[in-house]
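Structure below is coords04.csv: CSV, C-alpha atoms and all ligand atoms.
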chain,number,residue,atom,x,y,z
A,1,MET,CA,24.8,-11.3,-4.7
A,2,SER,CA,25.7,-13.4,-1.7
A,3,THR,CA,22.9,-14.9,0.3
A,4,PRO,CA,21.3,-13.8,3.6
A,5,LEU,CA,22.0,-16.1,6.5
A,6,ARG,CA,19.0,-17.6,8.2
A,7,SER,CA,18.4,-18.4,11.8
A,8,PRO,CA,18.3,-22.2,12.3
A,9,GLY,CA,14.9,-23.6,13.0
A,10,GLY,CA,12.8,-22.7,10.0
A,11,PHE,CA,12.8,-18.9,10.3
A,12,PRO,CA,12.0,-16.9,7.2
A,13,VAL,CA,13.8,-14.1,5.4
A,14,VAL,CA,11.7,-10.9,4.9
A,15,GLY,CA,13.0,-8.8,2.0
A,16,ILE,CA,12.4,-5.0,2.0
A,17,ILE,CA,12.8,-3.0,-1.1
A,18,GLY,CA,14.2,0.3,-0.1
A,19,GLY,CA,16.7,1.1,2.6
A,20,GLY,CA,15.1,4.1,4.4
A,21,GLN,CA,14.3,4.5,8.0
A,22,LEU,CA,11.1,2.4,7.8
A,23,ALA,CA,13.2,-0.6,6.7
A,24,ARG,CA,15.7,0.2,9.4
A,25,MET,CA,13.2,0.2,12.1
A,26,CYS,CA,12.0,-3.3,11.2
A,27,ALA,CA,15.5,-4.5,12.1
A,28,GLY,CA,15.0,-4.5,15.9
A,29,PRO,CA,11.7,-6.5,15.8
A,30,ALA,CA,13.1,-8.8,13.2
A,31,ALA,CA,16.1,-9.6,15.4
A,32,GLU,CA,13.8,-10.2,18.3
A,33,LEU,CA,11.6,-12.6,16.3
A,34,GLY,CA,14.6,-14.5,14.8
A,35,VAL,CA,13.5,-13.3,11.4
A,36,THR,CA,16.3,-12.4,8.9
A,37,LEU,CA,15.8,-9.0,7.2
A,38,ALA,CA,17.2,-8.4,3.7
A,39,VAL,CA,17.2,-5.0,2.3
A,40,LEU,CA,17.6,-3.8,-1.3
A,41,ALA,CA,19.3,-0.6,-0.6
A,42,GLU,CA,19.9,2.6,-2.6
A,43,ALA,CA,23.5,2.9,-1.3
A,44,PRO,CA,25.9,1.0,1.1
A,45,ASP,CA,25.2,3.7,3.7
A,46,ALA,CA,21.4,3.8,3.3
A,47,SER,CA,19.7,4.0,6.7
A,48,ALA,CA,18.7,0.4,6.8
A,49,ALA,CA,21.8,-0.9,5.1
A,50,LEU,CA,23.8,0.3,8.2
A,51,VAL,CA,22.0,-2.2,10.4
A,52,THR,CA,21.3,-5.1,8.0
A,53,PRO,CA,24.0,-7.6,7.2
A,54,PHE,CA,22.4,-8.5,3.8
A,55,ALA,CA,21.7,-5.2,2.1
A,56,PRO,CA,22.8,-5.4,-1.6
A,57,VAL,CA,22.8,-2.1,-3.4
A,58,GLY,CA,20.5,-2.1,-6.4
A,59,ASP,CA,18.0,-0.2,-8.5
A,60,HIS,CA,14.4,-0.8,-7.4
A,61,THR,CA,13.1,0.1,-10.8
A,62,ASP,CA,15.1,-2.6,-12.6
A,63,VAL,CA,13.1,-5.9,-12.9
A,64,GLU,CA,16.2,-8.2,-13.0
A,65,THR,CA,17.8,-6.6,-9.9
A,66,VAL,CA,14.6,-6.9,-7.9
A,67,ARG,CA,14.0,-10.4,-9.1
A,68,ASP,CA,17.6,-11.4,-8.1
A,69,PHE,CA,17.0,-9.9,-4.7
A,70,ALA,CA,13.6,-11.6,-4.2
A,71,ARG,CA,15.1,-15.0,-4.9
A,72,HIS,CA,16.7,-14.9,-1.5
A,73,CYS,CA,13.5,-13.9,0.4
A,74,ASP,CA,10.3,-15.7,1.5
A,75,VAL,CA,8.2,-12.5,1.3
A,76,ILE,CA,8.8,-9.1,-0.2
A,77,THR,CA,7.6,-5.8,1.2
A,78,PHE,CA,8.4,-2.1,0.8
A,79,ASP,CA,10.1,0.8,2.5
A,80,HIS,CA,8.5,3.3,0.1
A,81,GLU,CA,5.9,3.5,-2.7
A,82,HIS,CA,8.2,4.1,-5.6
A,83,VAL,CA,8.7,0.5,-7.0
A,84,PRO,CA,7.0,0.5,-10.4
A,85,ALA,CA,3.9,-1.7,-10.7
A,86,PRO,CA,5.4,-3.8,-13.6
A,87,VAL,CA,8.4,-4.7,-11.4
A,88,ILE,CA,6.1,-5.9,-8.6
A,89,GLU,CA,3.9,-7.7,-11.0
A,90,ALA,CA,6.9,-9.6,-12.4
A,91,LEU,CA,7.6,-10.8,-8.9
A,92,VAL,CA,4.1,-12.0,-8.4
A,93,ALA,CA,4.3,-13.8,-11.8
A,94,ASP,CA,7.4,-15.5,-10.5
A,95,GLY,CA,5.4,-16.8,-7.6
A,96,VAL,CA,6.9,-14.5,-5.0
A,97,ALA,CA,4.8,-13.6,-2.0
A,98,VAL,CA,4.5,-9.7,-2.1
A,99,HIS,CA,2.7,-7.7,0.5
A,100,PRO,CA,1.0,-5.4,-0.1
A,101,THR,CA,0.1,-6.8,-3.6
A,102,PRO,CA,0.6,-4.5,-6.6
A,103,GLU,CA,-3.1,-4.1,-7.0
A,104,ALA,CA,-3.5,-2.8,-3.4
A,105,LEU,CA,-0.3,-0.7,-3.5
A,106,LEU,CA,-1.3,1.2,-6.5
A,107,HIS,CA,-3.8,3.1,-4.3
A,108,ALA,CA,-0.9,4.4,-2.2
A,109,GLN,CA,1.3,5.1,-5.3
A,110,ASP,CA,-1.2,7.2,-7.3
A,111,LYS,CA,-3.5,9.6,-5.5
A,112,LEU,CA,-5.9,9.7,-8.5
A,113,VAL,CA,-6.3,6.0,-8.4
A,114,MET,CA,-6.9,6.3,-4.7
A,115,ARG,CA,-9.6,9.0,-5.1
A,116,ARG,CA,-11.4,7.0,-7.7
A,117,ALA,CA,-11.4,3.8,-5.7
A,118,LEU,CA,-12.4,5.5,-2.4
A,119,THR,CA,-15.2,7.4,-4.1
A,120,GLU,CA,-16.5,4.3,-5.7
A,121,ALA,CA,-16.4,2.5,-2.3
A,122,GLY,CA,-18.4,5.3,-0.8
A,123,VAL,CA,-15.6,6.4,1.5
A,124,PRO,CA,-15.8,10.2,2.4
A,125,CYS,CA,-13.3,12.2,0.4
A,126,PRO,CA,-12.8,15.9,-0.3
A,127,ARG,CA,-14.5,17.0,-3.6
A,128,TRP,CA,-11.9,16.3,-6.2
A,129,THR,CA,-11.3,16.1,-9.9
A,130,GLN,CA,-8.6,15.2,-12.4
A,131,ALA,CA,-7.3,18.1,-14.5
A,132,ALA,CA,-5.1,18.4,-17.5
A,133,THR,CA,-6.0,21.9,-18.8
A,134,GLU,CA,-6.4,25.4,-17.4
A,135,GLU,CA,-10.2,25.2,-18.3
A,136,GLU,CA,-10.6,22.1,-16.1
A,137,VAL,CA,-8.8,23.8,-13.2
A,138,THR,CA,-11.0,26.9,-13.5
A,139,THR,CA,-14.2,25.0,-13.8
A,140,PHE,CA,-13.5,22.9,-10.7
A,141,ALA,CA,-12.2,25.9,-8.7
A,142,GLU,CA,-15.3,27.9,-9.5
A,143,ALA,CA,-17.5,25.0,-8.4
A,144,VAL,CA,-15.7,24.4,-5.0
A,145,GLY,CA,-14.2,27.9,-4.5
A,146,TRP,CA,-10.6,29.2,-4.6
A,147,PRO,CA,-8.1,28.4,-3.3
A,148,VAL,CA,-7.8,24.7,-4.4
A,149,VAL,CA,-5.3,22.1,-3.5
A,150,VAL,CA,-3.3,20.8,-6.4
A,151,LYS,CA,-1.4,17.5,-6.2
A,152,THR,CA,0.9,15.5,-8.4
A,153,PRO,CA,-0.7,12.0,-8.2
A,154,ARG,CA,2.6,10.2,-8.0
A,155,GLY,CA,5.9,10.6,-6.2
A,156,GLY,CA,5.1,13.3,-3.7
A,157,TYR,CA,6.1,13.1,0.0
A,158,ASP,CA,6.3,15.5,2.9
A,159,GLY,CA,4.1,18.0,1.1
A,160,LYS,CA,6.5,18.2,-1.9
A,161,GLY,CA,3.8,17.3,-4.5
A,162,VAL,CA,1.1,19.5,-2.9
A,163,MET,CA,0.3,23.2,-3.7
A,164,LEU,CA,-2.3,25.6,-2.6
A,165,ALA,CA,-3.4,27.5,-5.7
A,166,ASP,CA,-5.2,30.9,-5.5
A,167,THR,CA,-5.6,31.4,-9.2
A,168,VAL,CA,-5.1,29.4,-12.4
A,169,ASP,CA,-1.8,31.2,-12.9
A,170,ASP,CA,-0.4,29.2,-9.9
A,171,VAL,CA,-1.2,25.9,-11.6
A,172,ARG,CA,0.2,26.7,-15.1
A,173,ASP,CA,3.8,25.3,-14.5
A,174,TRP,CA,2.5,22.2,-12.8
A,175,LEU,CA,0.1,21.5,-15.6
A,176,SER,CA,2.9,21.6,-18.2
A,177,ALA,CA,5.3,19.6,-16.0
A,178,ALA,CA,2.6,17.0,-15.5
A,179,ALA,CA,1.9,16.9,-19.3
A,180,GLU,CA,5.6,16.3,-19.9
A,181,ARG,CA,5.4,13.3,-17.6
A,182,GLY,CA,2.3,12.1,-19.4
A,183,GLU,CA,0.2,12.7,-16.2
A,184,THR,CA,-2.7,14.8,-15.1
A,185,LEU,CA,-3.1,16.6,-11.8
A,186,LEU,CA,-5.4,15.9,-8.9
A,187,LEU,CA,-7.4,18.9,-7.7
A,188,GLU,CA,-9.1,18.9,-4.3
A,189,GLU,CA,-11.2,21.4,-2.5
A,190,ARG,CA,-9.4,23.0,0.4
A,191,VAL,CA,-10.8,21.1,3.3
A,192,PRO,CA,-11.5,23.4,6.3
A,193,PHE,CA,-10.3,20.8,8.7
A,194,VAL,CA,-10.0,21.4,12.5
A,195,ARG,CA,-7.1,18.9,12.7
A,196,GLU,CA,-5.5,16.0,11.0
A,197,LEU,CA,-5.9,12.4,12.3
A,198,SER,CA,-4.4,9.1,11.3
A,199,VAL,CA,-5.8,5.6,11.5
A,200,LEU,CA,-3.1,3.1,11.5
A,201,LEU,CA,-3.9,-0.6,11.1
A,202,ALA,CA,-2.4,-3.9,10.0
A,203,ARG,CA,-4.1,-6.5,7.9
A,204,SER,CA,-2.8,-10.0,7.2
A,205,PRO,CA,-3.3,-12.0,4.0
A,206,SER,CA,-5.7,-14.2,6.0
A,207,GLY,CA,-7.8,-11.2,6.6
A,208,GLN,CA,-7.1,-10.5,10.3
A,209,ALA,CA,-6.9,-6.8,11.0
A,210,ALA,CA,-5.9,-4.8,14.1
A,211,ALA,CA,-6.1,-1.0,14.5
A,212,TRP,CA,-4.1,1.2,16.9
A,213,PRO,CA,-5.9,4.0,18.7
A,214,VAL,CA,-6.6,7.0,16.3
A,215,VAL,CA,-3.9,9.6,16.6
A,216,GLU,CA,-3.7,13.4,15.9
A,217,THR,CA,-0.9,14.4,13.6
A,218,VAL,CA,0.5,17.9,13.5
A,219,GLN,CA,2.0,19.1,10.2
A,220,THR,CA,4.3,22.0,9.8
A,221,ASP,CA,5.0,23.2,6.2
A,222,GLY,CA,3.7,19.9,4.9
A,223,ILE,CA,5.9,17.7,7.2
A,224,CYS,CA,4.6,15.8,10.2
A,225,THR,CA,6.3,17.2,13.3
A,226,GLU,CA,4.2,15.8,16.2
A,227,VAL,CA,1.9,12.9,16.8
A,228,ILE,CA,-0.3,12.6,19.9
A,229,ALA,CA,-1.7,9.1,20.7
A,230,PRO,CA,-4.6,8.9,21.2
A,231,ALA,CA,-6.0,12.0,19.5
A,232,PRO,CA,-7.1,14.3,22.4
A,233,ASP,CA,-10.8,14.9,23.0
A,234,LEU,CA,-11.9,12.6,20.2
A,235,GLU,CA,-15.3,11.2,21.1
A,236,PRO,CA,-15.3,7.4,21.4
A,237,GLU,CA,-18.0,7.4,18.7
A,238,ALA,CA,-15.9,9.5,16.3
A,239,ALA,CA,-12.8,7.3,17.0
A,240,ARG,CA,-14.9,4.2,16.2
A,241,ALA,CA,-16.2,5.8,13.0
A,242,ALA,CA,-12.7,6.8,11.9
A,243,THR,CA,-11.3,3.3,12.7
A,244,LEU,CA,-14.1,1.7,10.7
A,245,VAL,CA,-13.3,3.9,7.7
A,246,GLY,CA,-9.7,2.5,7.9
A,247,LEU,CA,-10.8,-1.1,8.3
A,248,ASP,CA,-13.3,-0.8,5.5
A,249,ILE,CA,-10.6,0.6,3.2
A,250,ALA,CA,-8.2,-2.2,4.2
A,251,ALA,CA,-10.8,-4.8,3.5
A,252,ALA,CA,-12.1,-3.2,0.2
A,253,LEU,CA,-8.6,-2.9,-1.2
A,254,GLU,CA,-7.3,-6.2,0.3
A,255,VAL,CA,-4.4,-4.4,1.9
A,256,THR,CA,-1.7,-6.5,3.5
A,257,GLY,CA,0.8,-5.2,6.0
A,258,VAL,CA,0.5,-1.9,7.8
A,259,MET,CA,-1.5,0.9,6.3
A,260,ALA,CA,-2.0,4.5,7.5
A,261,VAL,CA,-5.1,6.4,6.5
A,262,GLU,CA,-4.5,10.1,6.8
A,263,LEU,CA,-7.8,11.9,7.7
A,264,PHE,CA,-9.1,15.4,8.0
A,265,GLU,CA,-11.4,16.0,11.0
A,266,LEU,CA,-14.2,18.5,10.3
A,267,ALA,CA,-15.9,20.8,12.7
A,268,ASP,CA,-18.9,18.5,13.1
A,269,GLY,CA,-16.6,15.6,14.1
A,270,SER,CA,-16.9,13.7,10.9
A,271,VAL,CA,-13.8,12.8,8.8
A,272,VAL,CA,-12.8,12.7,5.2
A,273,VAL,CA,-9.8,10.7,3.8
A,274,ASN,CA,-6.7,12.6,2.8
A,275,GLU,CA,-4.5,9.8,1.6
A,276,LEU,CA,-3.2,6.3,2.2
A,277,ALA,CA,0.2,4.9,2.9
A,278,MET,CA,0.7,1.1,2.7
A,279,ARG,CA,3.7,0.6,4.9
A,280,PRO,CA,4.7,1.6,8.4
A,281,HIS,CA,4.1,5.3,8.7
A,282,ASN,CA,5.3,8.3,10.6
A,283,SER,CA,2.0,8.6,12.4
A,284,GLY,CA,2.7,5.1,13.9
A,285,HIS,CA,6.2,5.7,15.3
A,286,TRP,CA,4.7,6.3,18.7
A,287,SER,CA,3.7,2.7,18.8
A,288,MET,CA,7.3,1.5,19.0
A,289,ASP,CA,7.4,2.6,22.7
A,290,GLY,CA,3.7,3.4,23.4
A,291,ALA,CA,1.8,0.3,22.3
A,292,VAL,CA,2.0,-3.4,23.2
A,293,THR,CA,2.9,-4.1,19.6
A,294,GLY,CA,4.8,-1.5,17.6
A,295,GLN,CA,4.1,-1.0,13.9
A,296,PHE,CA,7.3,-2.5,12.7
A,297,GLU,CA,6.8,-5.7,14.5
A,298,GLN,CA,3.2,-5.7,13.4
A,299,HIS,CA,4.2,-5.2,9.7
A,300,LEU,CA,6.5,-8.2,9.9
A,301,ARG,CA,3.8,-10.3,11.5
A,302,ALA,CA,1.3,-9.2,8.9
A,303,VAL,CA,3.4,-9.8,5.8
A,304,LEU,CA,4.4,-13.2,7.2
A,305,ASP,CA,0.7,-14.0,7.8
A,306,LEU,CA,1.3,-14.6,11.5
A,307,PRO,CA,-1.4,-13.7,14.0
A,308,LEU,CA,-1.3,-10.0,14.8
A,309,GLY,CA,-0.2,-8.5,18.1
A,310,SER,CA,-2.3,-6.3,20.4
A,311,PRO,CA,-2.2,-2.6,19.3
A,312,ARG,CA,-3.3,-1.5,22.8
A,313,ALA,CA,-1.6,1.6,24.2
A,314,ARG,CA,0.5,1.0,27.3
A,315,GLU,CA,0.0,4.4,28.8
A,316,PRO,CA,-2.7,7.0,28.7
A,317,TRP,CA,-0.7,9.2,26.3
A,318,THR,CA,2.3,8.9,24.0
A,319,VAL,CA,3.8,11.9,22.2
A,320,MET,CA,6.1,11.5,19.2
A,321,GLY,CA,8.2,14.4,18.1
A,322,ASN,CA,9.9,14.2,14.7
A,323,VAL,CA,13.6,15.3,14.5
A,324,LEU,CA,14.3,17.2,11.4
A,325,GLY,CA,17.7,18.1,10.1
A,326,GLY,CA,19.0,21.5,11.3
A,327,GLU,CA,22.4,23.1,11.6
A,328,PRO,CA,24.3,20.6,13.7
A,329,THR,CA,25.6,17.5,11.9
A,330,ASP,CA,27.1,15.7,15.0
A,331,LEU,CA,24.0,14.2,16.7
A,332,TYR,CA,25.5,11.7,19.0
A,333,PRO,CA,26.9,14.3,21.5
A,334,THR,CA,23.3,15.3,22.2
A,335,TYR,CA,22.6,12.0,23.8
A,336,ARG,CA,24.5,12.6,27.1
A,337,HIS,CA,22.4,15.7,28.0
A,338,LEU,CA,19.1,14.4,26.7
A,339,MET,CA,19.3,11.0,28.4
A,340,ALA,CA,20.5,12.6,31.7
A,341,ARG,CA,17.7,15.2,31.6
A,342,ASP,CA,14.8,12.8,30.8
A,343,PRO,CA,15.4,9.1,31.5
A,344,GLU,CA,11.9,8.2,30.3
A,345,LEU,CA,12.6,9.7,26.8
A,346,LYS,CA,13.1,7.2,23.9
A,347,VAL,CA,15.3,8.5,21.2
A,348,HIS,CA,15.3,6.9,17.7
A,349,LEU,CA,17.8,8.3,15.2
A,350,TYR,CA,18.0,6.9,11.7
A,351,GLY,CA,21.7,7.0,10.8
A,352,LYS,CA,21.0,9.5,8.1
A,353,GLY,CA,23.1,12.5,7.1
A,354,VAL,CA,21.7,15.8,8.2
A,355,ARG,CA,20.0,18.0,5.6
A,356,PRO,CA,17.8,20.9,6.5
A,357,GLY,CA,14.2,19.7,7.0
A,358,ARG,CA,15.0,16.0,6.3
A,359,LYS,CA,13.4,13.5,8.7
A,360,ILE,CA,16.4,12.1,10.6
A,361,GLY,CA,14.8,10.7,13.7
A,362,HIS,CA,12.1,10.9,16.3
A,363,VAL,CA,11.5,10.8,20.1
A,364,ASN,CA,8.7,9.2,22.0
A,365,VAL,CA,7.6,9.8,25.6
A,366,SER,CA,4.7,8.2,27.4
A,367,GLY,CA,2.8,9.0,30.6
A,368,SER,CA,-0.4,10.6,31.9
A,369,ASP,CA,0.3,14.4,31.8
A,370,LEU,CA,-0.2,15.3,28.1
A,371,ALA,CA,1.0,18.9,28.4
A,372,ASP,CA,4.2,17.7,30.1
A,373,LEU,CA,4.8,15.0,27.5
A,374,ARG,CA,4.4,17.5,24.6
A,375,GLU,CA,6.8,19.8,26.2
A,376,ARG,CA,9.4,17.1,26.8
A,377,ALA,CA,9.1,15.7,23.3
A,378,ARG,CA,9.4,19.2,21.8
A,379,HIS,CA,12.4,20.0,23.9
A,380,ALA,CA,14.2,16.8,22.9
A,381,ALA,CA,13.5,17.3,19.2
A,382,ASP,CA,14.6,20.9,19.4
A,383,TYR,CA,17.7,20.1,21.3
A,384,ILE,CA,18.8,17.4,18.7
A,385,GLN,CA,18.0,19.8,15.9
A,386,GLY,CA,20.1,22.5,17.5
A,387,VAL,CA,17.2,25.0,17.9
A,388,ILE,CA,18.0,25.2,21.7
A,389,ASP,CA,21.2,24.4,23.5
A,390,GLU,CA,20.2,23.2,26.9
B,401,LIG,N1,-7.6,18.9,0.2
B,401,LIG,C1,-6.9,19.5,1.2
B,401,LIG,N2,-7.3,20.5,2.0
B,401,LIG,C2,-6.6,21.1,2.9
B,401,LIG,N3,-5.3,20.7,3.2
B,401,LIG,C3,-4.8,19.7,2.5
B,401,LIG,C4,-5.5,19.0,1.5
B,401,LIG,N4,-4.7,18.1,1.0
B,401,LIG,C5,-3.5,18.1,1.6
B,401,LIG,N5,-3.5,19.1,2.5
B,401,LIG,C6,-2.4,19.5,3.5
B,401,LIG,O1,-1.2,19.1,2.9
B,401,LIG,C7,-0.5,18.1,3.6
B,401,LIG,C8,0.2,17.2,2.6
B,401,LIG,O2,-0.7,16.6,1.7
B,401,LIG,P1,-0.7,15.0,1.3
B,401,LIG,O3,-1.7,14.8,0.2
B,401,LIG,O4,-0.8,14.2,2.6
B,401,LIG,O5,0.8,14.9,0.7
B,401,LIG,P2,2.1,14.1,1.1
B,401,LIG,O6,2.0,12.9,0.2
B,401,LIG,O7,3.2,15.0,0.8
B,401,LIG,O8,1.9,13.7,2.6
B,401,LIG,C9,-1.6,17.4,4.4
B,401,LIG,O9,-1.1,16.7,5.5
B,401,LIG,C10,-2.5,18.6,4.7
B,401,LIG,O10,-1.9,19.3,5.8
B,402,MG,MG,0.3,13.0,3.6

Take the structure from the file and write it as structure tokens.
Ligand SMILES: Nc1ncnc2c1ncn2[C@@H]1O[C@H](COP(=O)(O)OP(=O)(O)O)[C@@H](O)[C@H]1O
Ligand SMILES: [Mg+2]
Amino acid sequence: MSTPLRSPGGFPVVGIIGGGQLARMCAGPAAELGVTLAVLAEAPDASAALVTPFAPVGDHTDVETVRDFARHCDVITFDHEHVPAPVIEALVADGVAVHPTPEALLHAQDKLVMRRALTEAGVPCPRWTQAATEEEVTTFAEAVGWPVVVKTPRGGYDGKGVMLADTVDDVRDWLSAAAERGETLLLEERVPFVRELSVLLARSPSGQAAAWPVVETVQTDGICTEVIAPAPDLEPEAARAATLVGLDIAAALEVTGVMAVELFELADGSVVVNELAMRPHNSGHWSMDGAVTGQFEQHLRAVLDLPLGSPRAREPWTVMGNVLGGEPTDLYPTYRHLMARDPELKVHLYGKGVRPGRKIGHVNVSGSDLADLRERARHAADYIQGVIDE
């Protein structure tokens, strides 16, 4: 490995393990702050590697590779949740500053660990259990009612490790696959939520925390497709309560960096926690253009233990539309039409190859007419995806 070049003047190097779009979107704020970004990438053309001069390719599950990488960095943080705990613990033992810490991160890596810790901390959760056998599935489902939500505790994303089971037959394959991996499954009651919310916040090692306005997230087939900031018609008291749930979790788990708490809002306005992500999150992409401090800048500030920036929204509303891979593979030609049509639109594409359903970018648009913003964000995402052609 060569070494990353530092800005003169005492500026640090932040190392990110994983070269996905979340690492990539740290590059803009890092450049503005004079901070050098280093990325341990999956491939030379990984999303973040395309925009980061120091992006060695290496296996994030290999201790020596990660150690080698960390030697060049003042602090290590993550693009994803898949770095094994023993690898991170080895860095900590070497004296490397790692944020979030492996103890905190485990709650975002393993949904069973998360459920246990939150339940113990008195945080509202769906009714849940751990199941290894068909009997355990049936007993739980009969107590809470079919259908139940079945989850693989580790490694799922974009709904891939989540299934709605109507009968025990639906769970059989997952039980045996889990057993082969030496795991059990997480079962949850199906929460009759009215919508999904997300609390995004940052917490620094010194304990300072800052939360963005609570947002509404819209999922389609398990993938986030739209985010509205702030969540429409959320009573100030309910927003406060949701934010406090997030801040309490961050303090209890000693989270450092950005964390998203995915929430279900119930008909009575109360919330239960769905899951945690300890990194910048899709539900915070709106903040890049819609808040005084975007989540990627804030994550850098937090992991460097710098004072946090204001999370205040700049406009009454910001709508984020996710761009998923569709038929067209040439995306750049869409810019001319989109940019001419809507000069206030902000387009963020991640430099990723197009595959159907893959998150390849997002758009943000801010203003005061929510219906108009939603329409414009939807239009732009559809146009890039090739769903519409004008
Ligand atoms: N207990 C539940 N009740 C109802 N819907 C759920 C439940 N758990 C998850 N879901 C739905 O599935 C989606 C994905 O589940 P989640 O645990 O967030 O998985 P992922 O890690 O893939 O994001 C959620 O955003 C929600 O729409
Ligand atoms: Mg989720």

Which residues come within 10 Å of Val227 (chain A), counting all atoms listed in the file, excluding same-chain residues fewer than 3 positions away, as a list in words?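 Within the cut-off, the hits are Glu196, Leu197, Ser198, Val215, Glu216, Thr217, Val218, Gln219, Cys224, Pro230, Ala231, Asn282, Ser283, Gly284, His285, Trp286, Thr318, Val319, Met320, Gly321, Asn322, Asn364 and Arg374 of chain A.
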
Can you tell me, as a PyMOL selection string, which residues sit within 12 Å of (-0.9, -9.7, -9.0) in the file's frame, using all atoms listed in the file? chain A and resi 85-106+254

With distances taken over only C-alpha atoms, the candidate from A:Pro126, A:Gly246, A:Gly58, A:Pro356 nearest Ala260 (chain A) is A:Gly246

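You can rank A:Lys352, A:Leu244, A:Pro56, A:Ile228 by their closest distance to Leu370 (chain A) using only C-alpha atoms, and at the top of that list sits A:Ile228.
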
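The closest residue to Val113 (chain A), picked from A:Ala202, A:Leu338, A:Ala381, A:Leu185 and counting all atoms listed in the file, is A:Leu185.
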
Can you tell me how far CA of Gln208 (chain A) sits from CA of Leu22 (chain A), in Å to one decimal?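 One can read the CA of Gln208 (chain A) to CA of Leu22 (chain A) distance as 22.4 Å.
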
Determine, using all atoms listed in the file, which residues of chain A have any atom at most 7 Å from an atom of ligand LIG 401 (chain B), and tabulate each with its shortest atom pair and distance in Å to one decimal place, rows ordered by chain and then rising number, as CSV.
residue,atom,partner,partner_atom,distance
A:Pro126,CA,B:LIG401,N1,6.0
A:Val149,CA,B:LIG401,N1,5.4
A:Lys151,CA,B:LIG401,O3,7.0
A:Gly156,CA,B:LIG401,O6,5.0
A:Tyr157,CA,B:LIG401,O7,3.6
A:Asp158,CA,B:LIG401,O7,3.8
A:Gly159,CA,B:LIG401,O7,3.1
A:Lys160,CA,B:LIG401,O7,5.3
A:Gly161,CA,B:LIG401,O7,5.8
A:Val162,CA,B:LIG401,O2,5.7
A:Glu188,CA,B:LIG401,N1,4.7
A:Glu189,CA,B:LIG401,N1,5.1
A:Arg190,CA,B:LIG401,N2,3.6
A:Val191,CA,B:LIG401,N2,3.8
A:Pro192,CA,B:LIG401,C2,6.4
A:Phe193,CA,B:LIG401,C2,6.9
A:Gln219,CA,B:LIG401,O10,5.9
A:Gly222,CA,B:LIG401,C7,4.8
A:Glu262,CA,B:LIG401,O4,6.9
A:Asn274,CA,B:LIG401,O3,6.0
A:Glu275,CA,B:LIG401,O4,5.8

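Note that CA of Arg341 (chain A) and CA of Gly28 (chain A) are 25.3 Å apart.
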
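Comparing the minimum interatomic distances between ligand MG 402 (chain B) and each of A:Leu164, A:Leu263, A:Ala238, A:Ala178, counting all atoms listed in the file, we find that A:Leu263 sits nearest.
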
Would you mind telling me which residue in A:Thr220, A:Ser366, A:Thr293, A:Thr152 lies nearest to Glu183 (chain A) when using all atoms listed in the file? A:Thr152

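Proximity of A:Asp248, A:Asp74, A:Asp166, A:Asp221 to Glu142 (chain A), computed with all atoms listed in the file, is greatest for A:Asp166.
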
Pull the neighbourhood of (-3.3, -10.6, 18.0) for me: all residues within 9 Å in file coordinates, counting all atoms listed in the file, as number ranges by chain. A: 208-210, 306-311
